[in-house]
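Visitor: If it helps, the file is called protein.csv and holds CSV, C-alpha atoms:
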```csv
chain,number,residue,atom,x,y,z
A,299,MET,CA,-7.9,11.4,-128.9
A,300,ILE,CA,-9.5,12.4,-125.7
A,301,ASP,CA,-8.5,15.6,-123.8
A,302,TYR,CA,-7.8,14.0,-120.5
A,303,SER,CA,-7.8,17.3,-118.6
A,304,LEU,CA,-11.2,18.1,-119.8
A,305,LEU,CA,-12.5,14.6,-118.8
A,306,ALA,CA,-11.0,15.1,-115.4
A,307,PHE,CA,-12.5,18.5,-115.1
A,308,PHE,CA,-16.0,17.1,-115.9
A,309,ILE,CA,-15.6,14.3,-113.4
A,310,PHE,CA,-14.3,16.6,-110.6
A,311,SER,CA,-16.8,19.4,-111.2
A,312,SER,CA,-19.8,17.0,-111.3
A,313,ILE,CA,-18.6,15.4,-108.0
A,314,ALA,CA,-18.3,18.9,-106.5
A,315,ILE,CA,-21.7,20.1,-107.6
A,316,PHE,CA,-23.5,16.9,-106.7
A,317,GLY,CA,-21.7,16.7,-103.4
A,318,SER,CA,-22.6,20.3,-102.5
A,319,LEU,CA,-26.2,19.6,-103.3
A,320,MET,CA,-26.0,16.6,-100.9
A,321,VAL,CA,-24.6,18.9,-98.2
A,322,VAL,CA,-27.6,21.1,-98.5
A,323,PHE,CA,-30.3,18.5,-98.9
A,324,LYS,CA,-29.3,15.6,-96.7
A,325,LYS,CA,-31.2,15.6,-93.4
A,326,ASN,CA,-28.5,14.0,-91.3
A,327,PRO,CA,-25.6,16.3,-90.5
A,328,VAL,CA,-23.2,13.4,-90.6
A,329,ALA,CA,-24.1,12.7,-94.3
A,330,SER,CA,-23.7,16.4,-95.0
A,331,ALA,CA,-20.2,16.3,-93.5
A,332,PHE,CA,-19.1,13.3,-95.6
A,333,ALA,CA,-20.5,14.9,-98.7
A,334,LEU,CA,-18.5,18.0,-97.9
A,335,VAL,CA,-15.3,15.8,-97.7
A,336,ALA,CA,-16.0,14.6,-101.2
A,337,VAL,CA,-16.5,18.2,-102.3
A,338,PHE,CA,-13.2,19.3,-100.8
A,339,PHE,CA,-11.3,16.4,-102.5
A,340,SER,CA,-12.7,17.2,-105.9
A,341,PHE,CA,-11.8,20.9,-105.3
A,342,ALA,CA,-8.2,19.8,-104.7
A,343,GLY,CA,-8.4,18.0,-108.1
A,344,LEU,CA,-9.7,21.1,-109.8
A,345,TYR,CA,-6.8,23.2,-108.3
A,346,ALA,CA,-4.3,20.6,-109.6
A,347,LEU,CA,-5.9,20.8,-113.0
A,348,MET,CA,-5.1,24.5,-113.0
A,349,SER,CA,-1.5,23.7,-112.0
A,350,ALA,CA,-2.0,25.3,-108.6
A,351,HIS,CA,-0.2,22.5,-106.8
A,352,LEU,CA,0.5,24.3,-103.6
A,353,VAL,CA,-3.2,25.3,-103.2
A,354,ALA,CA,-4.3,21.7,-104.0
A,355,ALA,CA,-2.0,20.3,-101.3
A,356,LEU,CA,-3.1,23.0,-98.8
A,357,GLN,CA,-6.8,22.3,-99.7
A,358,ILE,CA,-6.4,18.6,-98.6
A,359,LEU,CA,-4.3,19.5,-95.6
A,360,VAL,CA,-6.3,22.4,-94.2
A,361,TYR,CA,-9.9,21.5,-95.3
A,362,THR,CA,-10.1,17.8,-95.3
A,363,GLY,CA,-7.4,17.4,-92.7
A,364,ALA,CA,-8.3,20.0,-90.1
A,365,ILE,CA,-11.7,21.6,-90.7
A,366,MET,CA,-13.6,18.4,-91.5
A,367,VAL,CA,-12.1,16.6,-88.5
A,368,LEU,CA,-13.3,19.5,-86.4
A,369,PHE,CA,-16.8,19.3,-87.9
A,370,VAL,CA,-17.1,15.5,-87.4
A,371,PHE,CA,-15.8,15.8,-83.9
A,372,VAL,CA,-18.4,18.4,-83.0
A,373,ILE,CA,-21.2,16.3,-84.5
A,374,MET,CA,-20.0,13.4,-82.4
A,375,LEU,CA,-20.0,15.6,-79.3
A,376,LEU,CA,-23.6,16.8,-79.9
A,377,ASN,CA,-24.9,13.5,-81.1
A,378,GLN,CA,-27.6,12.9,-78.5
A,379,ASP,CA,-30.7,14.5,-80.1
A,380,LEU,CA,-29.8,16.5,-83.2
A,381,PRO,CA,-32.9,17.7,-85.0
A,382,VAL,CA,-33.3,16.1,-88.4
A,383,GLU,CA,-36.5,17.8,-89.6
A,384,ASP,CA,-35.0,21.3,-90.1
A,385,LEU,CA,-35.4,21.2,-93.9
A,386,LYS,CA,-39.2,21.3,-93.5
A,387,SER,CA,-39.2,24.0,-90.9
A,388,SER,CA,-38.8,27.0,-93.2
A,389,SER,CA,-41.9,28.0,-95.2
A,390,PRO,CA,-42.1,26.9,-98.9
A,391,PHE,CA,-42.6,30.6,-99.8
A,392,PHE,CA,-39.3,31.6,-98.2
A,393,LYS,CA,-37.6,28.6,-99.9
A,394,ALA,CA,-39.0,29.6,-103.3
A,395,VAL,CA,-38.0,33.3,-102.9
A,396,SER,CA,-34.4,32.4,-101.7
A,397,GLY,CA,-34.1,29.8,-104.5
A,398,LEU,CA,-35.2,32.4,-107.1
A,399,GLY,CA,-32.8,35.0,-105.7
A,400,VAL,CA,-29.9,32.6,-105.7
A,401,LEU,CA,-30.7,31.6,-109.3
A,402,VAL,CA,-30.7,35.2,-110.5
A,403,LEU,CA,-27.4,35.8,-108.7
A,404,VAL,CA,-25.8,32.7,-110.2
A,405,TYR,CA,-27.1,33.6,-113.6
A,406,ALA,CA,-25.5,37.1,-113.4
A,407,LEU,CA,-22.2,35.6,-112.1
A,408,VAL,CA,-22.1,33.0,-114.9
A,409,ARG,CA,-22.6,35.9,-117.4
A,410,VAL,CA,-19.5,37.5,-115.8
A,411,ALA,CA,-17.6,34.2,-116.1
A,412,ILE,CA,-18.4,34.0,-119.8
A,413,LEU,CA,-17.2,37.6,-120.2
A,414,ALA,CA,-13.9,36.6,-118.7
A,415,ARG,CA,-13.3,34.5,-121.8
A,416,GLY,CA,-12.2,37.5,-123.7
A,417,MET,CA,-10.1,39.1,-121.0
A,418,GLU,CA,-6.6,40.2,-121.8
A,419,PRO,CA,-4.0,38.8,-119.4
A,420,LYS,CA,-2.4,41.5,-117.4
A,421,GLY,CA,0.5,39.7,-115.7
A,422,SER,CA,3.5,38.1,-117.3
A,423,LEU,CA,3.7,34.8,-115.4
A,424,THR,CA,2.7,32.2,-118.0
A,425,GLU,CA,3.0,28.5,-117.3
A,426,ASP,CA,6.4,28.3,-118.9
A,427,LYS,CA,7.8,31.3,-117.1
A,428,ILE,CA,6.7,29.9,-113.7
A,429,ALA,CA,8.5,26.7,-114.5
A,430,GLU,CA,11.5,28.6,-115.6
A,431,GLN,CA,11.7,30.7,-112.4
A,432,GLY,CA,11.6,27.7,-110.1
A,433,GLY,CA,8.0,26.7,-109.9
A,434,ASN,CA,4.7,27.6,-108.2
A,435,VAL,CA,5.8,27.1,-104.6
A,436,LYS,CA,9.0,29.1,-104.8
A,437,LEU,CA,7.3,32.1,-106.5
A,438,ILE,CA,4.4,32.1,-104.0
A,439,ALA,CA,6.8,31.9,-101.1
A,440,GLU,CA,9.0,34.8,-102.4
A,441,SER,CA,5.9,36.9,-102.9
A,442,LEU,CA,4.5,36.0,-99.5
A,443,PHE,CA,7.6,37.2,-97.7
A,444,SER,CA,8.2,40.3,-99.7
A,445,ASP,CA,5.1,42.0,-101.2
A,446,HIS,CA,2.5,40.4,-98.9
A,447,VAL,CA,4.4,40.2,-95.7
A,448,LEU,CA,2.1,42.5,-93.7
A,449,PRO,CA,-1.1,40.4,-94.3
A,450,PHE,CA,1.0,37.3,-93.6
A,451,GLU,CA,2.0,38.7,-90.2
A,452,LEU,CA,-1.5,39.9,-89.5
A,453,THR,CA,-2.6,36.3,-90.0
A,454,SER,CA,-0.7,35.3,-86.9
A,455,PHE,CA,-2.7,37.9,-84.9
A,456,LEU,CA,-5.9,36.4,-86.3
A,457,LEU,CA,-4.9,32.9,-85.3
A,458,LEU,CA,-3.9,34.1,-81.8
A,459,GLY,CA,-7.3,35.8,-81.5
A,460,ALA,CA,-9.1,32.7,-82.7
A,461,ILE,CA,-7.2,30.5,-80.1
A,462,VAL,CA,-8.0,32.9,-77.2
A,463,ALA,CA,-11.7,33.1,-78.3
A,464,THR,CA,-12.1,29.4,-78.7
A,465,ILE,CA,-10.6,28.7,-75.2
A,466,ALA,CA,-12.8,31.4,-73.7
A,467,LEU,CA,-15.9,29.9,-75.3
A,468,ALA,CA,-15.1,26.3,-74.4
A,469,LYS,CA,-14.2,27.0,-70.8
A,470,ARG,CA,-17.0,25.7,-68.6
A,471,LYS,CA,-17.8,28.1,-65.8
A,472,ASN,CA,-20.3,27.6,-63.1
A,473,VAL,CA,-22.3,30.8,-63.1
A,474,ALA,CA,-25.2,30.8,-60.7
A,475,GLY,CA,-28.3,32.1,-62.3
A,476,GLY,CA,-26.9,32.0,-65.7
A,477,LEU,CA,-28.7,31.0,-68.9
A,478,LYS,CA,-28.9,27.4,-67.7
A,479,SER,CA,-30.8,28.0,-64.4
B,298,MET,CA,-12.3,20.3,-130.2
B,299,MET,CA,-12.9,21.7,-126.7
B,300,THR,CA,-10.1,22.2,-124.4
B,301,LEU,CA,-10.0,23.1,-120.7
B,302,GLU,CA,-10.3,26.8,-120.1
B,303,PRO,CA,-10.3,28.8,-116.9
B,304,TRP,CA,-13.8,30.3,-117.5
B,305,MET,CA,-15.3,26.8,-117.1
B,306,MET,CA,-13.7,26.7,-113.6
B,307,LEU,CA,-15.3,30.1,-113.0
B,308,VAL,CA,-18.8,28.7,-113.8
B,309,VAL,CA,-18.3,25.8,-111.5
B,310,SER,CA,-17.1,28.1,-108.7
B,311,MET,CA,-20.1,30.4,-109.0
B,312,VAL,CA,-22.5,27.5,-109.1
B,313,ILE,CA,-21.0,26.1,-105.9
B,314,PHE,CA,-21.2,29.6,-104.3
B,315,GLY,CA,-24.9,29.7,-105.2
B,316,ILE,CA,-25.6,26.3,-103.7
B,317,GLY,CA,-23.8,27.3,-100.5
B,318,LEU,CA,-25.8,30.5,-100.3
B,319,PHE,CA,-29.1,28.7,-100.9
B,320,GLY,CA,-28.2,26.1,-98.2
B,321,LEU,CA,-27.3,28.9,-95.7
B,322,LEU,CA,-30.7,30.5,-96.3
B,323,ILE,CA,-32.9,27.4,-96.1
B,324,ARG,CA,-31.2,25.2,-93.5
B,325,LYS,CA,-31.9,25.8,-89.8
B,326,ASN,CA,-29.2,23.4,-88.3
B,327,LEU,CA,-26.3,25.6,-87.2
B,328,LEU,CA,-23.7,22.9,-88.1
B,329,VAL,CA,-25.0,22.6,-91.7
B,330,MET,CA,-25.1,26.4,-91.9
B,331,LEU,CA,-21.4,26.5,-91.1
B,332,MET,CA,-20.8,23.8,-93.7
B,333,CYS,CA,-22.6,25.9,-96.3
B,334,VAL,CA,-20.3,28.9,-95.3
B,335,GLU,CA,-17.3,26.6,-96.0
B,336,LEU,CA,-18.8,25.8,-99.4
B,337,MET,CA,-19.2,29.5,-100.3
B,338,LEU,CA,-15.6,30.1,-99.2
B,339,ASN,CA,-14.4,27.3,-101.4
B,340,GLY,CA,-16.3,28.6,-104.4
B,341,VAL,CA,-14.6,32.0,-103.9
B,342,ASN,CA,-11.2,30.3,-103.6
B,343,LEU,CA,-11.7,28.4,-106.9
B,344,SER,CA,-12.6,31.7,-108.6
B,345,PHE,CA,-9.5,33.3,-107.2
B,346,VAL,CA,-7.3,30.6,-108.7
B,347,ALA,CA,-9.2,30.7,-112.0
B,348,PHE,CA,-8.8,34.5,-112.3
B,349,SER,CA,-5.1,34.3,-111.5
B,350,LYS,CA,-4.8,31.7,-114.2
B,351,ILE,CA,-6.6,34.0,-116.7
B,352,HIS,CA,-4.4,37.0,-115.7
B,353,HIS,CA,-1.0,35.0,-115.7
B,354,SER,CA,-0.4,36.1,-112.1
B,355,LEU,CA,0.1,34.4,-108.8
B,356,ASP,CA,-1.6,36.9,-106.5
B,357,GLY,CA,-4.8,34.9,-106.5
B,358,HIS,CA,-3.0,32.0,-104.9
B,359,LEU,CA,-1.8,34.2,-102.1
B,360,ALA,CA,-5.4,35.4,-101.6
B,361,VAL,CA,-6.4,31.8,-101.3
B,362,LEU,CA,-3.8,31.2,-98.6
B,363,PHE,CA,-5.3,34.0,-96.5
B,364,VAL,CA,-8.9,32.9,-97.1
B,365,MET,CA,-8.0,29.4,-96.0
B,366,THR,CA,-6.5,30.8,-92.8
B,367,VAL,CA,-9.6,32.9,-92.1
B,368,ALA,CA,-11.8,29.9,-92.9
B,369,ALA,CA,-9.9,27.7,-90.4
B,370,ALA,CA,-10.2,30.4,-87.7
B,371,GLU,CA,-13.8,31.0,-88.5
B,372,SER,CA,-14.8,27.3,-88.3
B,373,ALA,CA,-12.9,26.9,-85.0
B,374,VAL,CA,-14.6,29.8,-83.4
B,375,GLY,CA,-18.0,29.0,-85.0
B,376,LEU,CA,-17.9,25.4,-83.8
B,377,GLY,CA,-16.9,26.6,-80.3
B,378,LEU,CA,-20.0,28.9,-80.3
B,379,VAL,CA,-22.2,26.0,-81.4
B,380,ILE,CA,-20.9,23.9,-78.6
B,381,ALA,CA,-21.4,26.7,-76.1
B,382,LEU,CA,-25.0,27.3,-77.4
B,383,PHE,CA,-25.8,23.6,-77.2
B,384,ARG,CA,-24.5,23.5,-73.7
B,385,THR,CA,-26.8,26.2,-72.5
B,386,LEU,CA,-29.9,25.8,-74.7
B,387,ARG,CA,-29.7,22.1,-75.7
B,388,THR,CA,-30.4,22.9,-79.3
B,389,VAL,CA,-28.6,23.7,-82.5
B,390,ASP,CA,-31.8,24.9,-84.3
B,391,SER,CA,-31.4,28.5,-85.3
B,392,ASP,CA,-35.2,29.1,-85.0
B,393,GLN,CA,-35.1,28.1,-81.3
B,394,ILE,CA,-32.2,30.4,-80.4
B,395,GLN,CA,-34.1,33.5,-79.5
B,396,ILE,CA,-33.0,34.5,-76.1
B,397,LEU,CA,-32.4,38.1,-77.3
B,398,ARG,CA,-36.1,38.3,-78.3
B,399,ASP,CA,-37.5,37.5,-74.9
```
Starting from the coordinates I provided, produce the structure as C-alpha cells.
Guide:
Amino acid sequence: MIDYSLLAFFIFSSIAIFGSLMVVFKKNPVASAFALVAVFFSFAGLYALMSAHLVAALQILVYTGAIMVLFVFVIMLLNQDLPVEDLKSSSPFFKAVSGLGVLVLVYALVRVAILARGMEPKGSLTEDKIAEQGGNVKLIAESLFSDHVLPFELTSFLLLGAIVATIALAKRKNVAGGLKS
Amino acid sequence: MMTLEPWMMLVVSMVIFGIGLFGLLIRKNLLVMLMCVELMLNGVNLSFVAFSKIHHSLDGHLAVLFVMTVAAAESAVGLGLVIALFRTLRTVDSDQIQILRD
C-alpha cells in the first residue's frame, strides 16, 4: 500500500523546488512569473497536506490571485525593453561566494529541521482536538479576535499606509527640472 | 515504512528560502528580485505552519496570516516603486540605478 500523503508531498515539493529554481534562473521575467505561480499552487498543496486548510485557501486567494496578477500587470506595463542579460552581469566570483554562503546557511537550517524531529509538542491542540472544537477556521478566527486582536487591528493601519504610499508613488507629477529633465 | 512528518516540510521550506536568497543576491532585475523576496516569505510561511503542526498549536497559522498581509502590502509598494523608477530612469536594472552615487 502506498502512503498517498507522502506521494503528494514529494510531487508538490519537487514542483516547488524546481519552480523556484526556474524563478531564479529564467532570463525572461514573464517565465519567472509563471514559474512563481506554479510554486504558489504547490505551496497551497503542501499547506493542505498539513491540514492547514484556511492557510491553503488564503495562499491561492492572496498569492496567486492578487500578488501574481500585480506582478504580471507590472511586467506588461514595462514590456518595452526589459533587460534579459542580467544573469551574466554579476561577476562569477560574487556568484560563487553567494552560492557558497547560501549553501552553508541552508545546511545549518536543515540540521535544525532534523533536530525538530525529536521536539516535544508544547500545545494541546492535536488533530482530533481541533476537529472536536469546531475545526481549523473557527479556532483561528476565535484566536484572531481575542488573543491577537492588536496585531490584527495594526494590520489595517499597515494596509492604509500601503494604499497611501502606492497612490503617492503612482501619481504622475510634472516637476520642472526633476530627475527626468 | 516512511510516513509524512512535519520535519520534511521544514527541509523543503528552508531549501526554498535558500533559493530565494540566492536569487535575490545574483539577479539584477528589480522585478525578479521582488519575486525572490516573495519566495523567501513563502518559505518562512511554510516553516511557521510546520512548526505549529509539530507543537500542536495554531499560533503559527496566525503568524502566516500577518505575514501574508505584509507581503501583499510590500509587493504593492515595491511594484509602485519599480514603476516610478522605470518612469524616471527607463531601467529596472539595479546596477544602473545609482543616482545617489553621482
Visitor: Which residue is closest to chain B? Choose from A:Leu448, A:Ile428, A:Ile412, A:Ala406 and count all atoms listed in the file.
Guide: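 Of A:Leu448, A:Ile428, A:Ile412, A:Ala406, the one nearest chain B is A:Ile412, counting all atoms listed in the file.
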Visitor: Which residues come within 12 Å of segment 338-341 of chain B, counting all atoms listed in the file, excluding same-chain residues fewer than 2 positions away, as an MDAnalysis selection string?
Guide: (chainID A and resid 311 314:315 318 334 337:342 344:345 353:354 357 360:361 404 407) or (chainID B and resid 306:318 331:336 343:348 357:358 360:369 371:372)
Visitor: Go ahead and save the picked residues with C-alpha atoms, as an mmCIF file, in the frame of the given file.
Guide:
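Okay, this is what ended up in out_16.cif:
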```
data_model
loop_
_atom_site.group_PDB
_atom_site.id
_atom_site.type_symbol
_atom_site.label_atom_id
_atom_site.label_comp_id
_atom_site.auth_asym_id
_atom_site.auth_seq_id
_atom_site.Cartn_x
_atom_site.Cartn_y
_atom_site.Cartn_z
ATOM 1 C CA SER A 311 -16.800 19.400 -111.200
ATOM 2 C CA ALA A 314 -18.300 18.900 -106.500
ATOM 3 C CA ILE A 315 -21.700 20.100 -107.600
ATOM 4 C CA SER A 318 -22.600 20.300 -102.500
ATOM 5 C CA LEU A 334 -18.500 18.000 -97.900
ATOM 6 C CA VAL A 337 -16.500 18.200 -102.300
ATOM 7 C CA PHE A 338 -13.200 19.300 -100.800
ATOM 8 C CA PHE A 339 -11.300 16.400 -102.500
ATOM 9 C CA SER A 340 -12.700 17.200 -105.900
ATOM 10 C CA PHE A 341 -11.800 20.900 -105.300
ATOM 11 C CA ALA A 342 -8.200 19.800 -104.700
ATOM 12 C CA LEU A 344 -9.700 21.100 -109.800
ATOM 13 C CA TYR A 345 -6.800 23.200 -108.300
ATOM 14 C CA VAL A 353 -3.200 25.300 -103.200
ATOM 15 C CA ALA A 354 -4.300 21.700 -104.000
ATOM 16 C CA GLN A 357 -6.800 22.300 -99.700
ATOM 17 C CA VAL A 360 -6.300 22.400 -94.200
ATOM 18 C CA TYR A 361 -9.900 21.500 -95.300
ATOM 19 C CA VAL A 404 -25.800 32.700 -110.200
ATOM 20 C CA LEU A 407 -22.200 35.600 -112.100
ATOM 21 C CA MET B 306 -13.700 26.700 -113.600
ATOM 22 C CA LEU B 307 -15.300 30.100 -113.000
ATOM 23 C CA VAL B 308 -18.800 28.700 -113.800
ATOM 24 C CA VAL B 309 -18.300 25.800 -111.500
ATOM 25 C CA SER B 310 -17.100 28.100 -108.700
ATOM 26 C CA MET B 311 -20.100 30.400 -109.000
ATOM 27 C CA VAL B 312 -22.500 27.500 -109.100
ATOM 28 C CA ILE B 313 -21.000 26.100 -105.900
ATOM 29 C CA PHE B 314 -21.200 29.600 -104.300
ATOM 30 C CA GLY B 315 -24.900 29.700 -105.200
ATOM 31 C CA ILE B 316 -25.600 26.300 -103.700
ATOM 32 C CA GLY B 317 -23.800 27.300 -100.500
ATOM 33 C CA LEU B 318 -25.800 30.500 -100.300
ATOM 34 C CA LEU B 331 -21.400 26.500 -91.100
ATOM 35 C CA MET B 332 -20.800 23.800 -93.700
ATOM 36 C CA CYS B 333 -22.600 25.900 -96.300
ATOM 37 C CA VAL B 334 -20.300 28.900 -95.300
ATOM 38 C CA GLU B 335 -17.300 26.600 -96.000
ATOM 39 C CA LEU B 336 -18.800 25.800 -99.400
ATOM 40 C CA LEU B 343 -11.700 28.400 -106.900
ATOM 41 C CA SER B 344 -12.600 31.700 -108.600
ATOM 42 C CA PHE B 345 -9.500 33.300 -107.200
ATOM 43 C CA VAL B 346 -7.300 30.600 -108.700
ATOM 44 C CA ALA B 347 -9.200 30.700 -112.000
ATOM 45 C CA PHE B 348 -8.800 34.500 -112.300
ATOM 46 C CA GLY B 357 -4.800 34.900 -106.500
ATOM 47 C CA HIS B 358 -3.000 32.000 -104.900
ATOM 48 C CA ALA B 360 -5.400 35.400 -101.600
ATOM 49 C CA VAL B 361 -6.400 31.800 -101.300
ATOM 50 C CA LEU B 362 -3.800 31.200 -98.600
ATOM 51 C CA PHE B 363 -5.300 34.000 -96.500
ATOM 52 C CA VAL B 364 -8.900 32.900 -97.100
ATOM 53 C CA MET B 365 -8.000 29.400 -96.000
ATOM 54 C CA THR B 366 -6.500 30.800 -92.800
ATOM 55 C CA VAL B 367 -9.600 32.900 -92.100
ATOM 56 C CA ALA B 368 -11.800 29.900 -92.900
ATOM 57 C CA ALA B 369 -9.900 27.700 -90.400
ATOM 58 C CA GLU B 371 -13.800 31.000 -88.500
ATOM 59 C CA SER B 372 -14.800 27.300 -88.300
#
```
Visitor: Kindly provide the residues of chain A that approach chain B to within 7 Å, each paired with its closest atom pair and their distance in Å to one decimal, based on all atoms listed in the file, listed by chain and increasing number, as JSON lines.
Guide:
```
{"residue": "A:Asp301", "atom": "CA", "partner": "B:Thr300", "partner_atom": "CA", "distance": 6.8}
{"residue": "A:Ser303", "atom": "CA", "partner": "B:Leu301", "partner_atom": "CA", "distance": 6.5}
{"residue": "A:Leu304", "atom": "CA", "partner": "B:Leu301", "partner_atom": "CA", "distance": 5.2}
{"residue": "A:Ser311", "atom": "CA", "partner": "B:Val309", "partner_atom": "CA", "distance": 6.6}
{"residue": "A:Ile315", "atom": "CA", "partner": "B:Ile313", "partner_atom": "CA", "distance": 6.3}
{"residue": "A:Ser318", "atom": "CA", "partner": "B:Ile316", "partner_atom": "CA", "distance": 6.8}
{"residue": "A:Leu319", "atom": "CA", "partner": "B:Ile316", "partner_atom": "CA", "distance": 6.7}
{"residue": "A:Val322", "atom": "CA", "partner": "B:Gly320", "partner_atom": "CA", "distance": 5.0}
{"residue": "A:Pro327", "atom": "CA", "partner": "B:Val329", "partner_atom": "CA", "distance": 6.4}
{"residue": "A:Val353", "atom": "CA", "partner": "B:His358", "partner_atom": "CA", "distance": 6.9}
{"residue": "A:Ile365", "atom": "CA", "partner": "B:Ala369", "partner_atom": "CA", "distance": 6.4}
{"residue": "A:Asp384", "atom": "CA", "partner": "B:Lys325", "partner_atom": "CA", "distance": 5.5}
{"residue": "A:Leu385", "atom": "CA", "partner": "B:Arg324", "partner_atom": "CA", "distance": 5.8}
{"residue": "A:Ser388", "atom": "CA", "partner": "B:Ile323", "partner_atom": "CA", "distance": 6.6}
{"residue": "A:Lys393", "atom": "CA", "partner": "B:Ile323", "partner_atom": "CA", "distance": 6.2}
{"residue": "A:Ser396", "atom": "CA", "partner": "B:Phe319", "partner_atom": "CA", "distance": 6.5}
{"residue": "A:Gly397", "atom": "CA", "partner": "B:Phe319", "partner_atom": "CA", "distance": 6.3}
{"residue": "A:Val400", "atom": "CA", "partner": "B:Gly315", "partner_atom": "CA", "distance": 5.8}
{"residue": "A:Val404", "atom": "CA", "partner": "B:Gly315", "partner_atom": "CA", "distance": 5.9}
{"residue": "A:Leu407", "atom": "CA", "partner": "B:Met311", "partner_atom": "CA", "distance": 6.4}
{"residue": "A:Val408", "atom": "CA", "partner": "B:Val308", "partner_atom": "CA", "distance": 5.5}
{"residue": "A:Ala411", "atom": "CA", "partner": "B:Trp304", "partner_atom": "CA", "distance": 5.6}
{"residue": "A:Ile412", "atom": "CA", "partner": "B:Trp304", "partner_atom": "CA", "distance": 6.3}
{"residue": "A:Ala414", "atom": "CA", "partner": "B:Trp304", "partner_atom": "CA", "distance": 6.4}
{"residue": "A:Arg415", "atom": "CA", "partner": "B:Trp304", "partner_atom": "CA", "distance": 6.0}
{"residue": "A:Pro419", "atom": "CA", "partner": "B:His352", "partner_atom": "CA", "distance": 4.1}
{"residue": "A:Lys420", "atom": "CA", "partner": "B:His352", "partner_atom": "CA", "distance": 5.2}
{"residue": "A:Gly421", "atom": "CA", "partner": "B:His353", "partner_atom": "CA", "distance": 4.9}
{"residue": "A:Ser422", "atom": "CA", "partner": "B:His353", "partner_atom": "CA", "distance": 5.7}
{"residue": "A:Leu423", "atom": "CA", "partner": "B:His353", "partner_atom": "CA", "distance": 4.7}
{"residue": "A:Thr424", "atom": "CA", "partner": "B:His353", "partner_atom": "CA", "distance": 5.2}
{"residue": "A:Ile438", "atom": "CA", "partner": "B:Leu359", "partner_atom": "CA", "distance": 6.8}
{"residue": "A:Leu457", "atom": "CA", "partner": "B:Ala370", "partner_atom": "CA", "distance": 6.3}
{"residue": "A:Ala460", "atom": "CA", "partner": "B:Ala370", "partner_atom": "CA", "distance": 5.6}
{"residue": "A:Ala463", "atom": "CA", "partner": "B:Val374", "partner_atom": "CA", "distance": 6.7}
{"residue": "A:Thr464", "atom": "CA", "partner": "B:Val374", "partner_atom": "CA", "distance": 5.3}
{"residue": "A:Leu467", "atom": "CA", "partner": "B:Gly377", "partner_atom": "CA", "distance": 6.1}
{"residue": "A:Ala468", "atom": "CA", "partner": "B:Gly377", "partner_atom": "CA", "distance": 6.2}
{"residue": "A:Leu477", "atom": "CA", "partner": "B:Thr385", "partner_atom": "CA", "distance": 6.3}
{"residue": "A:Lys478", "atom": "CA", "partner": "B:Thr385", "partner_atom": "CA", "distance": 5.4}
```
Visitor: Kindly extract all protein, DNA and RNA residues lying within 7 Å of the coordinates (-15.1, 17.1, -92.3) given in the file, considering all atoms listed in the file, and supply them as a PyMOL selection string.
Guide: chain A and resi 331-332+334-335+362+365-370
Visitor: What is the distance, in Å and to one decimal place, between atom CA of Ser330 of chain A and atom CA of Gly317 of chain A?
Guide: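 Pair atom CA of Ser330 of chain A / atom CA of Gly317 of chain A returns 8.6 Å.
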Visitor: Report, in Å with one decimal, the straight-line distance from atom CA of Glu440 of chain A to atom CA of Phe455 of chain A.
Guide: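 Atom-to-atom, atom CA of Glu440 of chain A to atom CA of Phe455 of chain A, that is 21.3 Å.
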Visitor: Mind pulling up the distance from atom CA of Phe316 of chain A to atom CA of Val395 of chain A?
Guide: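 Pair atom CA of Val395 of chain A / atom CA of Phe316 of chain A returns 22.2 Å.
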